[in-house]
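Shown next, in structure tokens, is the structure this report addresses.
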Amino acid sequence: MTLDLILQQVLTLVHSADYRPSKPRIILKTLKLPEEDYRLLRRAIKQLVRDGLIVFGANHMVMRLDQHGKGRPAKSASTPSPATALVDNSDSDLESELELESLRELDKSSRSRRERNERQGTFRAATGGFGFVRVAPSLTHEKIDDIFIPPSATRGAMEGDTVRVKIVRTGKDGKVEGQVDEIVARARREFSGTYQLIDGKSVVWVDGAKLDHPVQIGDIRGLPLNEKDKVIVELVRFPDAFHPGEGVILKVLGSSKNPAIDTLAVMHQFGLEDTYPEAALAVARAQADLFNEDLIPENRTDLTAVPTLTIDPVDARDFDDAISLSKNEKGNWELQVHIADVSYFVPIGSALDEEARRRGTSVYLPDKVIPMIPETISNHLASLQPDRKRLSKTVFMEYTPEGTLIHQHVFNSVICNQHRFNYEQIDQYLEDPEPWKIKLKPAIFQLVADMHELAMVLRAIRNRQGALELTLPEVKIDLDKLGKVRGAHLVQHTVSHQMIEEFMLAANQSVASWLDSLELPFLRRAHAPPNRMKLRRLNEFVRALGIPAENMEDRFEIQRVVNAVRGQPTEYAVNFAILKSMSKAVYQAEFERHYALDMTHYCHFTSPIRRYPDLVVHRIVQKLIDGQPAKENELVLEHLGMQCSYAEQNAESAERELIRVKLLHFLSKKQGEMLTGVVAAVRSNGLTIRAIEIPVDGSIGVRDLPQDRYRFDKDTHTLEGFKDGNRFRLGDELIVRIQRVDTAKRELHFSFEKVTKRTSPAPVQSKKRKDQDRDFGRKGKAMDDKKTKKGTKRKRRK
């Protein structure tokens with residue numbers, strides 16, 4: 001059992017309707033935890049007290065909070081519930097008075113911190129040396145956004161550390177800034193890294209940590225180490241502003257030139273595990289033994305004869321969703337989105353469920369998939385494989401020919417996937433349907449055509465309502481049979497992707513609308529509206545690029561700008577800037593519209609094989625189908641949403657990191673070769689270039705540009721010298737040379753060759769820039785006059 005899982009269980013218990021104040025020992029028995037988990041339970045209680053979510057009262061009782069943050073009994077009834085009716089007076093001798101007193105002090109200190117404008121949360125490191133602190137949801141203070149921590153105020157905190165933060169200021173744009181006052185607990189001590197010998201001393205560059213110096217390593221005698229080997233190091237002293245840190249090498253992974261070692265190192269860096277506890281595997285095997293696809297469970301609608309298909313990536317193995325579509329006698333569309341019924345195979349509270357919740361999501365690395373649920377279920381029992389009877393939850397939606405939703409409901413079903421397509425096949429069908437008439441059954445051939453028709457109607461409606469496409473193209477690595485990189489490309493979001501996207505959005509929205517109509521708490525997929533100040537800055541950014549823009553606070557104007565730059569050199573930079581101005585989509589129980597989708601009701605329901613939040617929503621739906629109470633505890637859901645949001649972001653970061661590592665290794669063999677790139681960012685110290693042939697970012701420092709005196713214009717995103725042609729602007733297309741690849745620091749450096757295409761029209765200088773140039777011109781003229789006078793004097797002397 002992990003600490004996170006015990007935290008969730010304690011929260012759920014303490015906030016249940018029949019909970020009465022109990023001692024830790026009683027809680028241990030109520031939760032049916034083994035004796036060896038008692039230490040973890042005490043740590044969990046301490047953590048919840050620190051976070052202000054529970055209090056430690058008199059007589060060593062653990063209590064929940066009222067809205068004012070004071071401990072109170074759950075209810076005044078004199079009869080205890082069966083779950084908590086046990087009487088145990090032995091806690092006094094089992095729990096030391098010293099520890100209980102410290103818990104009370106923790107409760108007092110948590111209240112004191114709130115009064116001093118301090119918060120405790122989890123530190124999330126960013127690539128620029130700065131970070132953010134995410135504060136856990138609590139009943140004792142208002143929810144706040146992540147607290148920004150500048151590089152100088154982190155106190156050496158690393159990814160995942162629990163820190164105490166003092167809020168320094170809140171800006172006009174709503175951004176909260178703070179400083180780390182204390183590192184309460186380290187998240188981990190073991191890290192992956194790259195071994196090097198510098199000036200005869202052994203050091204390790206820690207992966208993912210933006211440290212100025214490598215960690216010092218002690219005695220390495222007896223270890224089979226070579227330069228740039230990947231290793232696992234345990235930190236015995238953490239780096240800070242005064243010391244680079246010290247560590248001990250625990251394990252040598254192997255040569256960094258081995259593609260498999262890259263994957264292992266990144267998995268360790270992000271805490272990803274590809275093995276499962278034996279107890280979880282035992283549950284999965286037991287479910288496999290119990291399942292018989294020829295025996296349809298009771299209370300399920302048999303849809304096995306209904307034409308049904310799936311559309312997935314060509315290398316997919318877990319099939320979450322399938323589609324059926326037809327027209328009824330009224331001429332209306334009847335869309336059925338079938339979703340794998342994972343909840344049937346993952347018992348609530350089982351070891352399998354605990355492991356799935358801990359992981360939160362499946363992880364899709366370039367050369368490896370790490371499933372959230374063992375493959376016995378994810379790739380077999382629950383997966384909607386072709387020509388197999390599979391259990392599903394079906395979202396039925398009736399639409400008019402114009403795309404107006406008339407009716408919706410959800411039920412349990414059994415389906416049979418009659419044809420498995422990949423995206424490329426559907427694109428080929430849409431480009432030229434005739435050859436497919438021979439390959440497909442008539443019903444499936446018509447189904448694809450009908451899906452395309454309805455999907456495009458729904459898509460047009462969303463676009464008219466102002467839905468925003470806020471994504472960056474996905475980088476896909478091309479691997480050979482040995483797992484080595486032979487190239488990379490951008491995944492195109494083609495019509496086939498759009499078809500499935502529309503149906504998944506429709507199903508997710510329908511389920512969320514139903515749950516909201518019943519006023520039930522559930523895990524939403526929320527996207528808060530952007531801050532107005534950020535949108536104003538975005539407005540200035542877009543106009544500086546010569547793109548006409550009115551008011552970017554209007555979603556339709558954002559939509560128009562996104563469409564205007566599609567296929568242009570500035571497309572990546574503009575889309576990236578728009579994304580940076582937006583909030584992150586997260587999982588939460590608190591009501592919040594989805595800004596980008598422009599949907600009032602939205603959740604994730606369609607991928608329970610690979611996302612735990614979807615499984616949580618499936619279980620709420622199942623309770624409703626069974627006629628059982630389905631009201632979940634909102635605070636527990638908030639904590640779960642926070643955990644799942646982090647798991648999602650961690651998985652995405654791991655995928656991006658491994659893609660970059662593999663591309664850097666690929667490019668390290670091509671140093672000196674030239675590439676075409678687009679200026680993706682302009683800074684005072686140089687340029688960020690996104691290569692076109694191989695979609696990867698690298699940098700060009702000012703020193704590597706043609707010799708000149710450069711001035712950075714923030715308003716127009718231009719770095720400009722005083723010699724003709726020495727102007728570099730966002731969106732310019734360049735020829736660059738691969739100068740240096742540092743795989744240990746994950747850095748790529750280019751040198752400049754020439755400009756092939758400049759962004760047009762030319763930027764309009766800001767008034768500030770014009771004034772600077774005028775002043776510089778006067779200064780320059782004065783310097784020229786001085787040089788002339790000096791030259792005349794020299795001539796006279798001669």
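Numbering starts fresh at 1 for the residues of each chain in the structure tokens, the chains themselves are lettered A, B, ... in the order given, and ligands are numbered from 1 as they appear.
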
Backbone-only DSSP, helix (DSSP H, G or I) members of range 343-588 of chain A, as a PyMOL selection string: chain A and resi 343-344+351-359+375-381+423-431+436-439+442-464+495-517+532-544+555-564+571-581

Can you tell me, as a ChimeraX atom specification, which residues in range 252-397 of chain A count as strand (DSSP E) by DSSP? /A:252-255,301-302,309-312,321-327,333-340,363-365,368-370,389-397

Can you tell me, as number ranges by chain, what residues are no more than 7 Å from Glu634 in chain A when counting only C-alpha atoms, ignoring any on the same chain fewer than 2 positions away? A: 521, 589, 632, 636-638

Have a look at A:Glu431, A:Asp240, A:Asp302, A:Glu355 and name the one nearest to Asn412 in chain A; count only C-alpha atoms. A:Asp302

Taking a cut-off of 7 Å and counting only C-alpha atoms, can you build a table that, for each residue of range 326-418 of chain A near range 308-322 of chain A, reports the nearest atom pair and how far apart they are in Å (one decimal), sorted by chain then residue number, as CSV?
residue,atom,partner,partner_atom,distance
A:Val337,CA,A:Ala322,CA,6.1
A:His338,CA,A:Ala322,CA,5.1
A:Ile339,CA,A:Asp321,CA,4.6
A:Ala340,CA,A:Asp320,CA,5.2
A:Ser378,CA,A:Asp318,CA,5.9
A:Asn379,CA,A:Asp318,CA,4.8
A:Ser383,CA,A:Phe319,CA,4.9
A:Leu384,CA,A:Phe319,CA,5.1
A:Gln385,CA,A:Phe319,CA,6.6
A:Cys416,CA,A:Thr308,CA,6.8
A:Asn417,CA,A:Thr308,CA,5.2
A:Gln418,CA,A:Thr308,CA,5.5

Counting only C-alpha atoms, the residue of A:Thr471, A:Ser517, A:Gln336, A:Thr361 that sits nearest Ala647 in chain A: A:Thr361

Between CA of Gly128 in chain A and CA of Lys210 in chain A, what is the distance, to one decimal in Å? 7.4 Å

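Using only C-alpha atoms, the contacts of Arg555 in chain A at a cut-off of 10 Å, with sequence neighbours closer than 3 positions omitted, comprise Gln465, Gly466, Ala467, Leu468, Asn551, Met552, Ile558, Gln559, Arg560, Val561, Tyr595, Ala596 and Asp598 of chain A.
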
Under the rule of at most 8 Å, produce a per-residue listing of range 520-581 of chain A near range 668-686 of chain A: chain, number, name, the closest pair of atoms, and the distance in Å, as JSON lines, using only C-alpha atoms.
{"residue": "A:Pro569", "atom": "CA", "partner": "A:Val678", "partner_atom": "CA", "distance": 6.7}
{"residue": "A:Thr570", "atom": "CA", "partner": "A:Ala680", "partner_atom": "CA", "distance": 7.7}
{"residue": "A:Tyr572", "atom": "CA", "partner": "A:Ala680", "partner_atom": "CA", "distance": 7.0}
{"residue": "A:Ala573", "atom": "CA", "partner": "A:Ala680", "partner_atom": "CA", "distance": 5.3}

Output C-alpha atoms of each residue in that selection to a file, as a PDB file, in the first residue's frame.
ATOM      1  CA  PRO A 569       5.983  29.976 -40.752  1.00  0.00           C
ATOM      2  CA  THR A 570       4.562  31.645 -37.641  1.00  0.00           C
ATOM      3  CA  TYR A 572       4.001  27.042 -34.338  1.00  0.00           C
ATOM      4  CA  ALA A 573       4.981  30.228 -32.478  1.00  0.00           C
TER       5      ALA A 573
END

Best match for closeness to Met504 in chain A among A:Val586, A:Asp626, A:Glu469, A:Ser607, counting only C-alpha atoms: A:Ser607

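CA of Leu454 in chain A sits 18.5 Å away from CA of Gln428 in chain A.
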
Contacts of range 203-209 of chain A at 7 Å or less, counting only C-alpha atoms, minus same-chain residues fewer than 6 places along, as a VMD selection string? chain A and resid 191 to 197 215 to 217 269 744

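Distance annotation: of A:Glu278, A:Asp341, A:Glu453, A:Glu159, the residue with the minimal separation from Ser413 in chain A is A:Asp341; atom set is only C-alpha atoms.
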
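With only C-alpha atoms taken into account, the protein and nucleic acid residues at most 12 Å from Leu535 in chain A (excluding it and anything under 6 positions from it in its own chain) are Asp173, Pro529, Phe541, Val542, Ala549, Glu550, Asn551, Met552, Glu553, Asp554, Arg555, Glu557, Ile558, Ala577, Ile578, Leu579, Lys580, Ser581, Met582 and Ser583 of chain A.
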
Keeping only all heavy atoms, write the selected residues to a file as a short mmCIF file (atom, residue, chain, number, x, y, z; two decimals), in the first residue's frame.
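The resulting again.cif:
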data_model
loop_
_atom_site.label_atom_id
_atom_site.label_comp_id
_atom_site.auth_asym_id
_atom_site.auth_seq_id
_atom_site.Cartn_x
_atom_site.Cartn_y
_atom_site.Cartn_z
N ASP A 173 -2.40 40.22 -13.15
CA ASP A 173 -2.91 39.14 -14.00
C ASP A 173 -3.37 37.93 -13.19
O ASP A 173 -3.71 36.90 -13.76
CB ASP A 173 -1.83 38.71 -15.01
CG ASP A 173 -0.56 38.22 -14.32
OD1 ASP A 173 -0.49 38.29 -13.08
OD2 ASP A 173 0.36 37.78 -15.04
N PRO A 529 -11.21 29.73 -17.90
CA PRO A 529 -10.95 30.78 -18.90
C PRO A 529 -9.62 31.45 -18.64
O PRO A 529 -9.17 31.53 -17.49
CB PRO A 529 -12.12 31.75 -18.72
CG PRO A 529 -12.65 31.48 -17.35
CD PRO A 529 -12.39 30.04 -17.07
N PHE A 541 1.30 40.45 -28.89
CA PHE A 541 2.20 39.52 -29.54
C PHE A 541 1.78 39.26 -30.98
O PHE A 541 2.59 39.32 -31.92
CB PHE A 541 2.20 38.20 -28.74
CG PHE A 541 2.96 37.07 -29.39
CD1 PHE A 541 4.33 36.96 -29.23
CD2 PHE A 541 2.31 36.13 -30.16
CE1 PHE A 541 5.03 35.92 -29.82
CE2 PHE A 541 2.99 35.08 -30.75
CZ PHE A 541 4.37 34.99 -30.59
N VAL A 542 0.50 38.99 -31.18
CA VAL A 542 -0.01 38.66 -32.51
C VAL A 542 0.09 39.87 -33.44
O VAL A 542 0.51 39.75 -34.59
CB VAL A 542 -1.47 38.15 -32.40
CG1 VAL A 542 -2.10 38.03 -33.78
CG2 VAL A 542 -1.51 36.81 -31.69
N ALA A 549 -5.40 41.67 -35.56
CA ALA A 549 -6.14 41.07 -34.45
C ALA A 549 -6.88 42.17 -33.72
O ALA A 549 -6.30 43.21 -33.39
CB ALA A 549 -5.20 40.34 -33.51
N GLU A 550 -8.14 41.92 -33.46
CA GLU A 550 -8.95 42.91 -32.75
C GLU A 550 -8.81 42.70 -31.24
O GLU A 550 -7.88 43.18 -30.63
CB GLU A 550 -10.42 42.76 -33.18
CG GLU A 550 -10.65 43.11 -34.65
CD GLU A 550 -10.29 44.54 -34.98
OE1 GLU A 550 -10.49 45.43 -34.11
OE2 GLU A 550 -9.78 44.79 -36.08
N ASN A 551 -9.69 41.92 -30.67
CA ASN A 551 -9.68 41.69 -29.23
C ASN A 551 -9.58 40.20 -28.96
O ASN A 551 -10.53 39.46 -29.17
CB ASN A 551 -10.96 42.27 -28.61
CG ASN A 551 -10.99 42.08 -27.10
OD1 ASN A 551 -10.01 41.67 -26.49
ND2 ASN A 551 -12.14 42.37 -26.50
N MET A 552 -8.42 39.74 -28.48
CA MET A 552 -8.20 38.31 -28.26
C MET A 552 -8.95 37.78 -27.03
O MET A 552 -8.88 36.60 -26.71
CB MET A 552 -6.71 38.01 -28.11
CG MET A 552 -5.91 38.32 -29.36
SD MET A 552 -6.25 37.20 -30.73
CE MET A 552 -5.17 35.85 -30.32
N GLU A 553 -9.67 38.68 -26.34
CA GLU A 553 -10.55 38.21 -25.28
C GLU A 553 -11.81 37.58 -25.87
O GLU A 553 -12.57 36.92 -25.16
CB GLU A 553 -10.91 39.36 -24.33
CG GLU A 553 -9.71 39.88 -23.54
CD GLU A 553 -10.09 41.02 -22.62
OE1 GLU A 553 -11.17 40.95 -22.01
OE2 GLU A 553 -9.31 41.98 -22.52
N ASP A 554 -12.01 37.79 -27.14
CA ASP A 554 -13.12 37.19 -27.88
C ASP A 554 -12.64 35.86 -28.46
O ASP A 554 -11.70 35.82 -29.26
CB ASP A 554 -13.57 38.15 -28.98
CG ASP A 554 -14.75 37.61 -29.78
OD1 ASP A 554 -15.15 36.45 -29.56
OD2 ASP A 554 -15.26 38.35 -30.64
N ARG A 555 -13.29 34.76 -28.08
CA ARG A 555 -12.86 33.44 -28.55
C ARG A 555 -12.92 33.32 -30.07
O ARG A 555 -12.13 32.61 -30.68
CB ARG A 555 -13.70 32.34 -27.90
CG ARG A 555 -15.16 32.38 -28.25
CD ARG A 555 -15.92 31.15 -27.76
NE ARG A 555 -15.68 30.81 -26.38
CZ ARG A 555 -14.95 29.75 -26.01
NH1 ARG A 555 -14.43 28.96 -26.93
NH2 ARG A 555 -14.76 29.49 -24.75
N GLU A 557 -12.15 35.63 -32.13
CA GLU A 557 -10.95 36.27 -32.67
C GLU A 557 -9.75 35.33 -32.54
O GLU A 557 -8.91 35.24 -33.44
CB GLU A 557 -10.67 37.59 -31.93
CG GLU A 557 -9.59 38.44 -32.56
CD GLU A 557 -9.93 38.92 -33.97
OE1 GLU A 557 -11.10 38.78 -34.39
OE2 GLU A 557 -9.03 39.43 -34.65
N ILE A 558 -9.67 34.60 -31.43
CA ILE A 558 -8.62 33.59 -31.28
C ILE A 558 -8.77 32.53 -32.38
O ILE A 558 -7.79 32.13 -33.02
CB ILE A 558 -8.69 32.93 -29.89
CG1 ILE A 558 -8.42 33.96 -28.79
CG2 ILE A 558 -7.68 31.78 -29.78
CD1 ILE A 558 -8.57 33.41 -27.38
N ALA A 577 2.12 30.39 -28.30
CA ALA A 577 1.81 31.57 -27.49
C ALA A 577 0.37 31.53 -26.99
O ALA A 577 0.09 31.90 -25.84
CB ALA A 577 2.04 32.83 -28.31
N ILE A 578 -0.56 31.07 -27.83
CA ILE A 578 -1.95 30.96 -27.41
C ILE A 578 -2.08 29.94 -26.29
O ILE A 578 -2.75 30.18 -25.28
CB ILE A 578 -2.86 30.60 -28.61
CG1 ILE A 578 -2.91 31.76 -29.60
CG2 ILE A 578 -4.27 30.25 -28.14
CD1 ILE A 578 -3.65 31.44 -30.88
N LEU A 579 -1.42 28.79 -26.45
CA LEU A 579 -1.46 27.77 -25.41
C LEU A 579 -0.88 28.28 -24.09
O LEU A 579 -1.41 28.00 -23.01
CB LEU A 579 -0.70 26.52 -25.86
CG LEU A 579 -1.46 25.54 -26.74
CD1 LEU A 579 -0.53 24.46 -27.26
CD2 LEU A 579 -2.61 24.90 -25.98
N LYS A 580 0.22 29.03 -24.17
CA LYS A 580 0.86 29.56 -22.96
C LYS A 580 -0.05 30.56 -22.24
O LYS A 580 0.06 30.73 -21.02
CB LYS A 580 2.19 30.24 -23.32
CG LYS A 580 3.27 29.28 -23.76
CD LYS A 580 3.83 28.46 -22.63
CE LYS A 580 4.77 29.26 -21.76
NZ LYS A 580 5.37 28.42 -20.69
N SER A 581 -0.92 31.22 -22.98
CA SER A 581 -1.81 32.21 -22.36
C SER A 581 -3.03 31.56 -21.73
O SER A 581 -3.79 32.21 -21.00
CB SER A 581 -2.26 33.24 -23.40
OG SER A 581 -3.13 32.65 -24.34
N MET A 582 -3.22 30.27 -22.01
CA MET A 582 -4.38 29.56 -21.50
C MET A 582 -4.07 28.83 -20.18
O MET A 582 -2.93 28.55 -19.88
CB MET A 582 -4.86 28.52 -22.53
CG MET A 582 -5.32 29.11 -23.85
SD MET A 582 -6.89 29.97 -23.66
CE MET A 582 -6.87 31.01 -25.14
N SER A 583 -5.12 28.51 -19.46
CA SER A 583 -4.98 27.64 -18.30
C SER A 583 -4.80 26.21 -18.77
O SER A 583 -5.11 25.89 -19.92
CB SER A 583 -6.23 27.73 -17.42
OG SER A 583 -6.55 29.07 -17.11
#

Under the rule that only C-alpha atoms are counted, which of A:Val62, A:Val236, A:Leu381, A:Leu748 is the nearest residue to Leu664 in chain A? A:Leu748

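Comparing the minimum interatomic distances between Ala544 in chain A and each of A:Arg285, A:Arg729, A:Lys251, A:Lys484, counting only C-alpha atoms, we find that A:Arg729 sits nearest.
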
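Take CA of Gln628 in chain A and CA of Phe411 in chain A: the distance between them is 14.7 Å.
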